[in-house]
file start.pdb (PDB, C-alpha atoms)
ATOM      1  CA  MET A 699      27.537  -4.574  47.395
ATOM      2  CA  ARG A 700      27.321  -6.785  44.279
ATOM      3  CA  ARG A 701      23.715  -7.655  45.062
ATOM      4  CA  ARG A 702      22.861  -3.983  45.490
ATOM      5  CA  ASN A 703      24.532  -3.160  42.175
ATOM      6  CA  PHE A 704      22.587  -5.983  40.494
ATOM      7  CA  PHE A 705      19.232  -4.588  41.663
ATOM      8  CA  CYS A 706      20.216  -1.088  40.587
ATOM      9  CA  PHE A 707      21.135  -2.446  37.151
ATOM     10  CA  ALA A 708      17.832  -4.389  36.887
ATOM     11  CA  ALA A 709      15.862  -1.313  37.902
ATOM     12  CA  ALA A 710      17.682   0.729  35.289
ATOM     13  CA  LEU A 711      16.800  -1.847  32.604
ATOM     14  CA  MET A 712      13.142  -1.713  33.601
ATOM     15  CA  LEU A 713      13.130   2.070  33.431
ATOM     16  CA  CYS A 714      14.731   1.915  29.990
ATOM     17  CA  ALA A 715      12.151  -0.605  28.819
ATOM     18  CA  ASN A 716       9.316   1.559  30.099
ATOM     19  CA  PHE A 717      10.829   4.605  28.478
ATOM     20  CA  SER A 718      11.226   2.719  25.209
ATOM     21  CA  PHE A 719       7.592   1.604  25.322
ATOM     22  CA  ALA A 720       6.469   5.122  26.084
ATOM     23  CA  GLN A 721       8.170   6.253  22.878
ATOM     24  CA  ASN A 722       6.107   3.886  20.735
ATOM     25  CA  SER A 723       3.909   6.158  18.651
ATOM     26  CA  ALA A 724       0.702   5.232  16.867
ATOM     27  CA  LYS A 725       2.631   5.381  13.606
ATOM     28  CA  GLU A 726       5.261   2.924  14.840
ATOM     29  CA  ILE A 727       2.656   0.552  16.264
ATOM     30  CA  SER A 728       0.549   0.641  13.101
ATOM     31  CA  GLU A 729       3.625  -0.079  10.959
ATOM     32  CA  ARG A 730       4.509  -2.998  13.212
ATOM     33  CA  ALA A 731       0.938  -4.299  12.939
ATOM     34  CA  LEU A 732       1.231  -4.454   9.164
ATOM     35  CA  GLU A 733       4.229  -6.772   9.422
ATOM     36  CA  PHE A 734       2.095  -9.685  10.626
ATOM     37  CA  GLU A 735       1.132 -12.352   8.110
ATOM     38  CA  SER A 736      -2.635 -11.966   8.560
ATOM     39  CA  ALA A 737      -5.076  -9.199   9.396
ATOM     40  CA  GLY A 738      -6.293 -11.271  12.332
ATOM     41  CA  GLU A 739      -2.843 -11.256  13.933
ATOM     42  CA  SER A 740      -2.546  -7.515  13.310
ATOM     43  CA  ILE A 741      -5.865  -6.908  15.041
ATOM     44  CA  VAL A 742      -4.883  -8.987  18.091
ATOM     45  CA  TYR A 743      -1.637  -7.021  18.355
ATOM     46  CA  LEU A 744      -3.377  -3.658  18.009
ATOM     47  CA  ASN A 745      -5.945  -4.493  20.684
ATOM     48  CA  LYS A 746      -3.117  -5.369  23.048
ATOM     49  CA  MET A 747      -1.195  -2.173  22.339
ATOM     50  CA  ILE A 748      -4.227   0.116  22.512
ATOM     51  CA  GLY A 749      -4.888  -1.061  26.042
ATOM     52  CA  GLN A 750      -1.408   0.113  27.084
ATOM     53  CA  ILE A 751      -1.295   3.494  25.329
ATOM     54  CA  LYS A 752      -1.676   6.495  27.640
ATOM     55  CA  SER A 753      -1.745   9.340  25.113
ATOM     56  CA  ALA A 754      -5.318  10.185  24.081
ATOM     57  CA  ALA A 755      -4.240  11.274  20.589
ATOM     58  CA  GLU A 756      -2.228   8.088  20.005
ATOM     59  CA  LYS A 757      -5.069   5.893  21.290
ATOM     60  CA  ARG A 758      -7.594   7.703  19.104
ATOM     61  CA  ALA A 759      -5.415   7.208  16.016
ATOM     62  CA  LEU A 760      -4.821   3.521  16.755
ATOM     63  CA  LEU A 761      -8.514   2.848  17.295
ATOM     64  CA  ALA A 762      -9.266   4.416  13.915
ATOM     65  CA  PHE A 763      -6.510   2.321  12.314
ATOM     66  CA  LEU A 764      -7.809  -0.829  14.021
ATOM     67  CA  ALA A 765     -11.304  -0.048  12.752
ATOM     68  CA  SER A 766     -10.024   0.265   9.185
ATOM     69  CA  LEU A 767      -8.485  -3.226   9.386
ATOM     70  CA  GLN A 768     -11.655  -4.674  10.913
ATOM     71  CA  GLU A 769     -13.690  -3.118   8.125
ATOM     72  CA  GLN A 770     -11.381  -4.597   5.486
ATOM     73  CA  ILE A 771     -12.004  -8.147   6.737
ATOM     74  CA  SER A 772     -15.775  -7.506   7.009
ATOM     75  CA  ALA A 773     -15.812  -7.448  10.839
ATOM     76  CA  TYR A 774     -18.289  -4.599  10.570
ATOM     77  CA  LYS A 775     -19.711  -4.720  14.100
ATOM     78  CA  ASP A 776     -16.225  -4.516  15.617
ATOM     79  CA  ALA A 777     -15.223  -1.803  13.144
ATOM     80  CA  SER A 778     -18.269   0.282  14.016
ATOM     81  CA  ASP A 779     -17.480  -0.005  17.731
ATOM     82  CA  SER A 780     -13.819   0.945  17.192
ATOM     83  CA  TYR A 781     -14.679   3.964  15.044
ATOM     84  CA  ALA A 782     -17.201   5.108  17.641
ATOM     85  CA  GLN A 783     -14.642   4.735  20.439
ATOM     86  CA  ALA A 784     -12.135   6.785  18.457
ATOM     87  CA  ALA A 785     -14.740   9.484  17.816
ATOM     88  CA  GLY A 786     -15.465   9.677  21.543
ATOM     89  CA  ILE A 787     -11.890  10.589  22.464
ATOM     90  CA  ALA A 788     -11.353  14.337  22.660
ATOM     91  CA  ALA A 789      -7.859  14.689  21.230
ATOM     92  CA  GLY A 790      -5.972  15.964  18.226
ATOM     93  CA  ASP A 791      -4.409  13.919  15.444
ATOM     94  CA  ALA A 792      -1.387  11.749  16.173
ATOM     95  CA  GLN A 793       1.756  12.580  14.249
ATOM     96  CA  GLY A 794       2.215  10.571  11.064
ATOM     97  CA  MET A 795      -1.304   9.120  11.148
ATOM     98  CA  PRO A 796      -4.287   9.890   8.871
ATOM     99  CA  LYS A 797      -6.146  12.995   9.968
ATOM    100  CA  LYS A 798      -9.808  12.487  10.741
ATOM    101  CA  THR A 799     -12.308  14.650  12.562
ATOM    102  CA  SER A 800     -14.679  13.168  15.103
ATOM    103  CA  PRO A 801     -17.695  13.656  12.782
ATOM    104  CA  GLN A 802     -15.838  11.720  10.066
ATOM    105  CA  LEU A 803     -15.184   8.888  12.509
ATOM    106  CA  VAL A 804     -18.829   8.867  13.563
ATOM    107  CA  LEU A 805     -19.902   8.477   9.935
ATOM    108  CA  ASP A 806     -17.389   5.670   9.513
ATOM    109  CA  ALA A 807     -19.110   3.999  12.469
ATOM    110  CA  VAL A 808     -22.494   4.556  10.808
ATOM    111  CA  ARG A 809     -21.332   2.992   7.548
ATOM    112  CA  CYS A 810     -20.034  -0.101   9.325
ATOM    113  CA  ALA A 811     -23.179  -0.389  11.439
ATOM    114  CA  LEU A 812     -25.240  -0.396   8.237
ATOM    115  CA  CYS A 813     -22.953  -3.021   6.732
ATOM    116  CA  SER A 814     -23.533  -5.235   9.762
ATOM    117  CA  GLY A 815     -27.294  -4.833   9.379
ATOM    118  CA  ASP A 816     -27.634  -2.726  12.531
ATOM    119  CA  SER A 817     -29.679   0.237  11.322
ATOM    120  CA  ALA A 818     -30.724   1.079  14.898
ATOM    121  CA  THR A 819     -27.123   1.803  15.916
ATOM    122  CA  ALA A 820     -26.522   3.631  12.638
ATOM    123  CA  GLU A 821     -29.470   5.929  13.286
ATOM    124  CA  LYS A 822     -28.374   6.505  16.879
ATOM    125  CA  TYR A 823     -25.013   7.766  15.645
ATOM    126  CA  LEU A 824     -26.649   9.843  12.901
ATOM    127  CA  ASN A 825     -28.797  11.570  15.520
ATOM    128  CA  SER A 826     -25.805  12.425  17.709
ATOM    129  CA  ALA A 827     -23.711  15.597  17.832
ATOM    130  CA  VAL A 828     -22.458  14.841  14.308
ATOM    131  CA  ARG A 829     -25.449  16.819  13.048
ATOM    132  CA  ASN A 830     -23.862  19.996  14.415
ATOM    133  CA  SER A 831     -20.983  19.777  11.946
ATOM    134  CA  GLN A 832     -20.603  22.724   9.584
ATOM    135  CA  ASP A 833     -18.748  20.589   7.039
ATOM    136  CA  GLU A 834     -20.751  20.283   3.796
ATOM    137  CA  LYS A 835     -19.414  16.806   3.069
ATOM    138  CA  ILE A 836     -20.448  15.609   6.542
ATOM    139  CA  GLN A 837     -23.967  16.982   6.096
ATOM    140  CA  ALA A 838     -24.281  15.472   2.610
ATOM    141  CA  THR A 839     -23.089  12.087   3.862
ATOM    142  CA  ILE A 840     -25.551  12.181   6.763
ATOM    143  CA  LYS A 841     -28.415  12.647   4.283
ATOM    144  CA  LEU A 842     -27.154   9.808   2.102
ATOM    145  CA  TYR A 843     -26.700   7.433   5.021
ATOM    146  CA  GLU A 844     -30.215   8.232   6.271
ATOM    147  CA  VAL A 845     -31.618   7.050   2.949
ATOM    148  CA  TRP A 846     -29.425   3.954   3.036
ATOM    149  CA  SER A 847     -30.694   3.178   6.526
ATOM    150  CA  ALA A 848     -34.286   3.554   5.336
ATOM    151  CA  LEU A 849     -33.606   1.282   2.348
ATOM    152  CA  CYS A 850     -32.291  -1.415   4.658
ATOM    153  CA  LYS A 851     -35.660  -1.566   6.404
ATOM    154  CA  LEU A 852     -37.761  -2.067   3.280
ATOM    155  CA  GLU A 853     -39.335  -5.435   2.625
ATOM    156  CA  SER A 854     -40.236  -5.148  -1.068
ATOM    157  CA  THR A 855     -39.635  -3.168  -4.248
ATOM    158  CA  ALA A 856     -43.122  -1.680  -3.874
ATOM    159  CA  GLN A 857     -41.782   0.367  -0.958
ATOM    160  CA  LEU A 858     -38.915   1.902  -2.932
ATOM    161  CA  GLU A 859     -40.798   4.888  -4.343
ATOM    162  CA  GLU A 860     -40.173   7.319  -1.481
ATOM    163  CA  SER A 861     -36.450   6.554  -1.250
ATOM    164  CA  VAL A 862     -36.029   6.787  -5.020
ATOM    165  CA  THR A 863     -37.762  10.170  -5.030
ATOM    166  CA  ILE A 864     -35.487  11.467  -2.273
ATOM    167  CA  LEU A 865     -32.360  10.204  -4.042
ATOM    168  CA  LYS A 866     -33.431  11.803  -7.332
ATOM    169  CA  THR A 867     -33.899  15.107  -5.517
ATOM    170  CA  TYR A 868     -30.492  14.795  -3.877
ATOM    171  CA  ALA A 869     -28.848  14.024  -7.214
ATOM    172  CA  ALA A 870     -29.975  17.442  -8.474
ATOM    173  CA  LEU A 871     -28.811  19.441  -5.444
ATOM    174  CA  PRO A 872     -25.435  21.259  -5.657
ATOM    175  CA  SER A 873     -24.932  20.668  -1.923
ATOM    176  CA  MET A 874     -25.057  16.894  -2.509
ATOM    177  CA  LYS A 875     -22.636  16.779  -5.433
ATOM    178  CA  ILE A 876     -19.830  15.519  -3.223
ATOM    179  CA  VAL A 877     -21.734  12.242  -2.707
ATOM    180  CA  LYS A 878     -23.451  12.190  -6.096
ATOM    181  CA  PRO A 879     -21.488   9.146  -7.364
ATOM    182  CA  GLN A 880     -22.822   7.120  -4.423
ATOM    183  CA  ILE A 881     -26.336   8.469  -5.023
ATOM    184  CA  LEU A 882     -26.274   7.489  -8.696
ATOM    185  CA  LEU A 883     -24.829   4.067  -7.925
ATOM    186  CA  THR A 884     -27.596   3.468  -5.369
ATOM    187  CA  LEU A 885     -30.273   4.516  -7.879
ATOM    188  CA  TRP A 886     -28.721   2.282 -10.539
ATOM    189  CA  TYR A 887     -28.617  -0.632  -8.116
ATOM    190  CA  ILE A 888     -32.146  -0.431  -6.724
ATOM    191  CA  THR A 889     -34.010   0.597  -9.878
ATOM    192  CA  GLY A 890     -32.078  -1.382 -12.487
ATOM    193  CA  GLU A 891     -32.292   1.648 -14.811
ATOM    194  CA  ALA A 892     -29.277   2.006 -17.093
ATOM    195  CA  SER A 893     -29.703   5.806 -17.239
ATOM    196  CA  TYR A 894     -28.134   6.186 -13.794
ATOM    197  CA  GLY A 895     -25.135   4.154 -14.855
ATOM    198  CA  ASP A 896     -24.853   6.312 -17.967
ATOM    199  CA  SER A 897     -24.915   9.452 -15.823
ATOM    200  CA  LEU A 898     -22.109   8.032 -13.696
ATOM    201  CA  LYS A 899     -19.995   7.316 -16.761
ATOM    202  CA  LYS A 900     -20.564  10.801 -18.123
ATOM    203  CA  GLU A 901     -20.114  12.848 -14.932
ATOM    204  CA  PHE A 902     -17.651  10.713 -12.946
ATOM    205  CA  PRO A 903     -15.755   8.610 -15.499
ATOM    206  CA  LYS A 904     -12.816   7.861 -13.179
ATOM    207  CA  SER A 905     -14.848   7.013 -10.078
ATOM    208  CA  PRO A 906     -14.886   3.513  -8.536
ATOM    209  CA  GLU A 907     -18.676   3.606  -8.881
ATOM    210  CA  VAL A 908     -18.264   3.610 -12.675
ATOM    211  CA  GLU A 909     -16.010   0.573 -12.413
ATOM    212  CA  VAL A 910     -18.812  -1.232 -10.566
ATOM    213  CA  VAL A 911     -21.294  -0.344 -13.310
ATOM    214  CA  ASN A 912     -18.822  -1.502 -15.962
ATOM    215  CA  GLY A 913     -18.230  -4.760 -14.111
ATOM    216  CA  LYS A 914     -14.513  -4.099 -13.663
ATOM    217  CA  ILE A 915     -14.732  -4.294  -9.875
ATOM    218  CA  GLN A 916     -17.261  -5.741  -7.457
ATOM    219  CA  MET A 917     -18.958  -3.994  -4.590
ATOM    220  CA  MET A 918     -17.783  -4.839  -1.099
ATOM    221  CA  PRO A 919     -19.679  -8.040  -0.227
ATOM    222  CA  ALA A 920     -21.455  -6.399   2.690
ATOM    223  CA  PRO A 921     -24.823  -7.644   3.956
ATOM    224  CA  PHE A 922     -25.920  -4.007   3.625
ATOM    225  CA  TRP A 923     -26.445  -4.388  -0.114
ATOM    226  CA  TYR A 924     -28.566  -7.483   0.377
ATOM    227  CA  PHE A 925     -31.004  -5.509   2.513
ATOM    228  CA  MET A 926     -31.824  -3.199  -0.375
ATOM    229  CA  PRO A 927     -34.740  -4.364  -2.513
ATOM    230  CA  LYS A 928     -34.032  -3.827  -6.203
ATOM    231  CA  LYS A 929     -36.353  -3.734  -9.174
ATOM    232  CA  GLY A 930     -34.050  -5.006 -11.883
ATOM    233  CA  GLU A 931     -30.874  -6.918 -12.497
ATOM    234  CA  ALA A 932     -28.738  -3.803 -12.283
ATOM    235  CA  LEU A 933     -25.607  -5.876 -11.965
ATOM    236  CA  ALA A 934     -26.077  -7.676 -15.266
ATOM    237  CA  LEU A 935     -22.719  -7.215 -16.953
ATOM    238  CA  SER A 936     -21.398  -7.828 -20.418
ATOM    239  CA  ALA A 937     -19.897 -11.288 -20.837
ATOM    240  CA  GLU A 938     -16.411  -9.829 -21.199
ATOM    241  CA  SER A 939     -16.514  -7.539 -18.151
ATOM    242  CA  ALA A 940     -18.236 -10.176 -16.019
ATOM    243  CA  ALA A 941     -15.546 -12.700 -16.893
ATOM    244  CA  GLU A 942     -12.818 -10.208 -16.027
ATOM    245  CA  SER A 943     -14.515  -9.307 -12.742
ATOM    246  CA  GLN A 944     -14.818 -12.982 -11.868
ATOM    247  CA  LYS A 945     -11.179 -13.611 -12.780
ATOM    248  CA  ILE A 946     -10.024 -10.791 -10.484
ATOM    249  CA  SER A 947     -12.177 -12.061  -7.630
ATOM    250  CA  VAL A 948     -10.954 -15.657  -7.969
ATOM    251  CA  GLU A 949      -7.297 -14.665  -8.298
ATOM    252  CA  LYS A 950      -7.543 -12.405  -5.281
ATOM    253  CA  SER A 951      -9.186 -14.865  -2.914
ATOM    254  CA  ASN A 952      -8.357 -18.287  -4.404
ATOM    255  CA  ASP A 953     -10.943 -19.500  -1.905
ATOM    256  CA  GLU A 954      -8.669 -18.627   1.001
ATOM    257  CA  ASN A 955      -8.581 -15.562   3.206
ATOM    258  CA  GLU A 956      -5.474 -13.795   4.462
ATOM    259  CA  GLY A 957      -5.095 -16.231   7.313
ATOM    260  CA  GLY A 958      -5.111 -19.247   4.983
ATOM    261  CA  GLU A 959      -8.540 -20.465   6.119
ATOM    262  CA  LYS A 960     -10.556 -22.508   3.631
ATOM    263  CA  ALA A 961     -13.932 -21.384   2.358
ATOM    264  CA  THR A 962     -16.814 -23.347   3.860
ATOM    265  CA  LYS A 963     -19.796 -21.788   2.087
ATOM    266  CA  GLN A 964     -21.021 -18.903  -0.047
ATOM    267  CA  GLN A 965     -23.599 -16.442   1.293
ATOM    268  CA  LEU A 966     -26.102 -15.118  -1.224
ATOM    269  CA  GLY A 967     -28.638 -13.174   0.769
ATOM    270  CA  LEU A 968     -29.634 -11.867   4.180
ATOM    271  CA  PHE A 969     -33.344 -11.221   4.751
ATOM    272  CA  ARG A 970     -35.742 -10.138   7.469
ATOM    273  CA  ASN A 971     -38.578 -11.914   5.675
ATOM    274  CA  LYS A 972     -38.271 -15.704   5.456
ATOM    275  CA  ASP A 973     -40.483 -15.841   2.379
ATOM    276  CA  ASN A 974     -37.969 -13.674   0.503
ATOM    277  CA  ALA A 975     -35.159 -15.995   1.571
ATOM    278  CA  GLN A 976     -37.170 -19.002   0.404
ATOM    279  CA  ALA A 977     -37.831 -17.330  -2.952
ATOM    280  CA  LEU A 978     -34.098 -16.969  -3.515
ATOM    281  CA  CYS A 979     -33.592 -20.610  -2.509
ATOM    282  CA  ASP A 980     -36.188 -21.698  -5.060
ATOM    283  CA  THR A 981     -34.445 -19.702  -7.785
ATOM    284  CA  LEU A 982     -31.085 -21.219  -6.887
ATOM    285  CA  LYS A 983     -32.528 -24.737  -6.924
ATOM    286  CA  SER A 984     -33.957 -24.133 -10.380
ATOM    287  CA  LYS A 985     -30.387 -23.397 -11.506
ATOM    288  CA  GLY A 986     -29.049 -26.651 -10.097
ATOM    289  CA  PHE A 987     -27.648 -25.429  -6.768
ATOM    290  CA  SER A 988     -28.339 -26.776  -3.268
ATOM    291  CA  PRO A 989     -29.088 -23.769  -1.067
ATOM    292  CA  TYR A 990     -30.449 -23.726   2.446
ATOM    293  CA  ILE A 991     -31.484 -21.137   5.011
ATOM    294  CA  THR A 992     -29.787 -20.449   8.334
ATOM    295  CA  GLU A 993     -31.103 -18.114  11.016
ATOM    296  CA  GLU A 994     -29.266 -15.491  13.022
ATOM    297  CA  THR A 995     -30.640 -13.305  15.804
ATOM    298  CA  ARG A 996     -28.746 -10.055  16.341
ATOM    299  CA  ALA A 997     -28.217  -8.282  19.668
ATOM    300  CA  SER A 998     -31.138  -6.017  18.787
ATOM    301  CA  GLY A 999     -33.421  -9.060  18.823
ATOM    302  CA  THR A1000     -34.029  -8.953  15.067
ATOM    303  CA  LYS A1001     -33.954 -12.341  13.342
ATOM    304  CA  TYR A1002     -32.366 -12.651   9.910
ATOM    305  CA  TYR A1003     -32.661 -15.456   7.384
ATOM    306  CA  ILE A1004     -29.426 -16.179   5.532
ATOM    307  CA  VAL A1005     -29.278 -18.048   2.222
ATOM    308  CA  VAL A1006     -26.091 -20.069   1.786
ATOM    309  CA  VAL A1007     -24.621 -22.749  -0.462
ATOM    310  CA  ASP A1008     -21.922 -25.075   0.843
ATOM    311  CA  GLU A1009     -18.524 -25.048  -0.824
ATOM    312  CA  ASN A1010     -17.852 -28.023  -3.083
ATOM    313  CA  ALA A1011     -14.820 -30.340  -3.176
ATOM    314  CA  ALA A1012     -13.287 -28.413  -6.080
ATOM    315  CA  GLY A1013     -13.569 -25.138  -4.149
ATOM    316  CA  ASN A1014     -15.211 -23.312  -7.052
ATOM    317  CA  ILE A1015     -18.867 -23.032  -6.021
ATOM    318  CA  GLY A1016     -18.493 -19.238  -5.752
ATOM    319  CA  GLN A1017     -17.265 -19.108  -9.332
ATOM    320  CA  GLN A1018     -20.216 -21.234 -10.466
ATOM    321  CA  LEU A1019     -22.699 -18.992  -8.645
ATOM    322  CA  ARG A1020     -21.253 -15.820 -10.159
ATOM    323  CA  SER A1021     -21.243 -17.391 -13.616
ATOM    324  CA  ALA A1022     -24.954 -18.140 -13.114
ATOM    325  CA  GLY A1023     -25.569 -14.473 -12.305
ATOM    326  CA  PHE A1024     -25.797 -14.633  -8.511
ATOM    327  CA  GLU A1025     -24.077 -12.240  -6.113
ATOM    328  CA  CYS A1026     -22.267 -14.036  -3.322
ATOM    329  CA  TYR A1027     -19.391 -13.743  -0.901
ATOM    330  CA  THR A1028     -17.248 -16.293   0.809
ATOM    331  CA  VAL A1029     -17.720 -17.472   4.391
ATOM    332  CA  PHE A1030     -14.592 -18.937   5.995
TER     333      PHE A1030
END
call {"tool": "encode", "arguments": {"input": "start.pdb", "output": "structure tokens"}}
result
Amino acid sequence: MRRRNFFCFAAALMLCANFSFAQNSAKEISERALEFESAGESIVYLNKMIGQIKSAAEKRALLAFLASLQEQISAYKDASDSYAQAAGIAAGDAQGMPKKTSPQLVLDAVRCALCSGDSATAEKYLNSAVRNSQDEKIQATIKLYEVWSALCKLESTAQLEESVTILKTYAALPSMKIVKPQILLTLWYITGEASYGDSLKKEFPKSPEVEVVNGKIQMMPAPFWYFMPKKGEALALSAESAAESQKISVEKSNDENEGGEKATKQQLGLFRNKDNAQALCDTLKSKGFSPYITEETRASGTKYYIVVVDENAAGNIGQQLRSAGFECYTVF
């Protein structure tokens, strides 16, 4: 009788445990994920939990949350895949989680695909059912991302004319006003013309794009920006704002990421054309640095040439590069 009672008690505990797990919502799981010490640990935990969630709405919300963390740590390929998976789940929004439509999630996937240098995947998503959206912001963003994808394929500044013309046209259209800050920032970046920065300051004085122009914040160090040819040194900042921007960057990273890993090198460029990579290397050498080129072949078969400089013993090579006027981001 005692043995029978023991098994009944054990079975009851298992049922309670299963019931308790079933009550874990996306909100609860996401809050638990944020308690880990590093983003990497949070991502491992989320991947484990997503595989056990049965509710389509909860799984969709967790995939979108996972993607946002992956994007934050520059795991753009993974983020793009997670956003796309979330967009493919036909379900409503989970309670307590950010509300996002499937077209919004698709565009998130496009953005991350571009940041990973995968314009083919970005264009595949842009040519999907997202085009059927009646949302003006979705349609405006599609047009912007199409130009960004085209810019990523260009090899030289001589090829910029068509994209610049399209962006100028978009900047004047009322239907594109919702993405006009991004349009003006792109024009400022690729042309080096101060007039676009001035327009940003006048029309969108509180936008993050203005802070980039002013040198108060830096753009996300995504390979995407390295693909864009640019005519001028659009990111030349005043000495004061550049110093402040550098101070913020150094204080934030201190040459360590969230997991405590040490920086091993600084990446300065990602090119399809090896000659362009070599040109950057030559410029860096003339400034006293020791750059070299590594090669990476993506799943698409495209080979990229990456310009890097190894971290020094003092751990401040990134600071030196930025002080010399070079854009770079840390590789751990």
call {"tool": "resolve_selection", "arguments": {"input": "start.pdb", "expression": "the PyMOL selection byres ((chain A and resi 963) around 8)", "output": "ChimeraX atom specification"}}
result
/A:961-962,964-965,1006-1009,1028-1030
call {"tool": "resolve_selection", "arguments": {"input": "start.pdb", "expression": "the PyMOL selection byres ((chain A and resi 830-834) around 12)", "output": "list of chain:residue names"}}
result
A:Thr799, A:Ser800, A:Pro801, A:Gln802, A:Val804, A:Leu805, A:Leu824, A:Asn825, A:Ser826, A:Ala827, A:Val828, A:Arg829, A:Lys835, A:Ile836, A:Gln837, A:Ala838, A:Thr839, A:Ile840, A:Lys841, A:Pro872, A:Ser873, A:Met874, A:Lys875, A:Ile876, A:Val877
call {"tool": "resolve_selection", "arguments": {"input": "start.pdb", "expression": "the PyMOL selection byres ((chain A and resi 986) around 12)", "output": "list in words"}}
result
Cys979, Asp980, Thr981, Leu982, Lys983, Ser984, Lys985, Phe987, Ser988, Pro989, Val1007, Ile1015, Gln1018, Leu1019 and Ala1022 of chain A
call {"tool": "residues_around", "arguments": {"input": "start.pdb", "residues": "Tyr823 of chain A", "least_positions_apart": "6", "cutoff": "12 Å", "atoms": "only C-alpha atoms", "output": "list of chain:residue names"}}
result
A:Ser778, A:Asp779, A:Tyr781, A:Ala782, A:Gln783, A:Ala785, A:Gly786, A:Ser800, A:Pro801, A:Gln802, A:Leu803, A:Val804, A:Leu805, A:Asp806, A:Ala807, A:Val808, A:Arg809, A:Cys810, A:Ala811, A:Leu812, A:Asp816, A:Ser817, A:Arg829, A:Ile840, A:Tyr843, A:Glu844, A:Ser847
call {"tool": "atom_distance", "arguments": {"input": "start.pdb", "atom1": "atom CA of Gln768 of chain A", "atom2": "atom CA of Thr819 of chain A"}}
result
17.5 Å
call {"tool": "closest_residue", "arguments": {"input": "start.pdb", "among": "A:Leu978, A:Ala818, A:Leu858, A:Ala870", "to": "Phe1024 of chain A", "atoms": "only C-alpha atoms"}}
result
A:Leu978
call {"tool": "axis_aligned_box", "arguments": {"input": "start.pdb", "around": "segment 875-894 of chain A", "padding_each_side": "6 Å", "output": "lines of an AutoDock Vina configuration file"}}
result
center_x = -26.9
center_y = 7.7
center_z = -10.0
size_x = 26.2
size_y = 30.2
size_z = 26.5
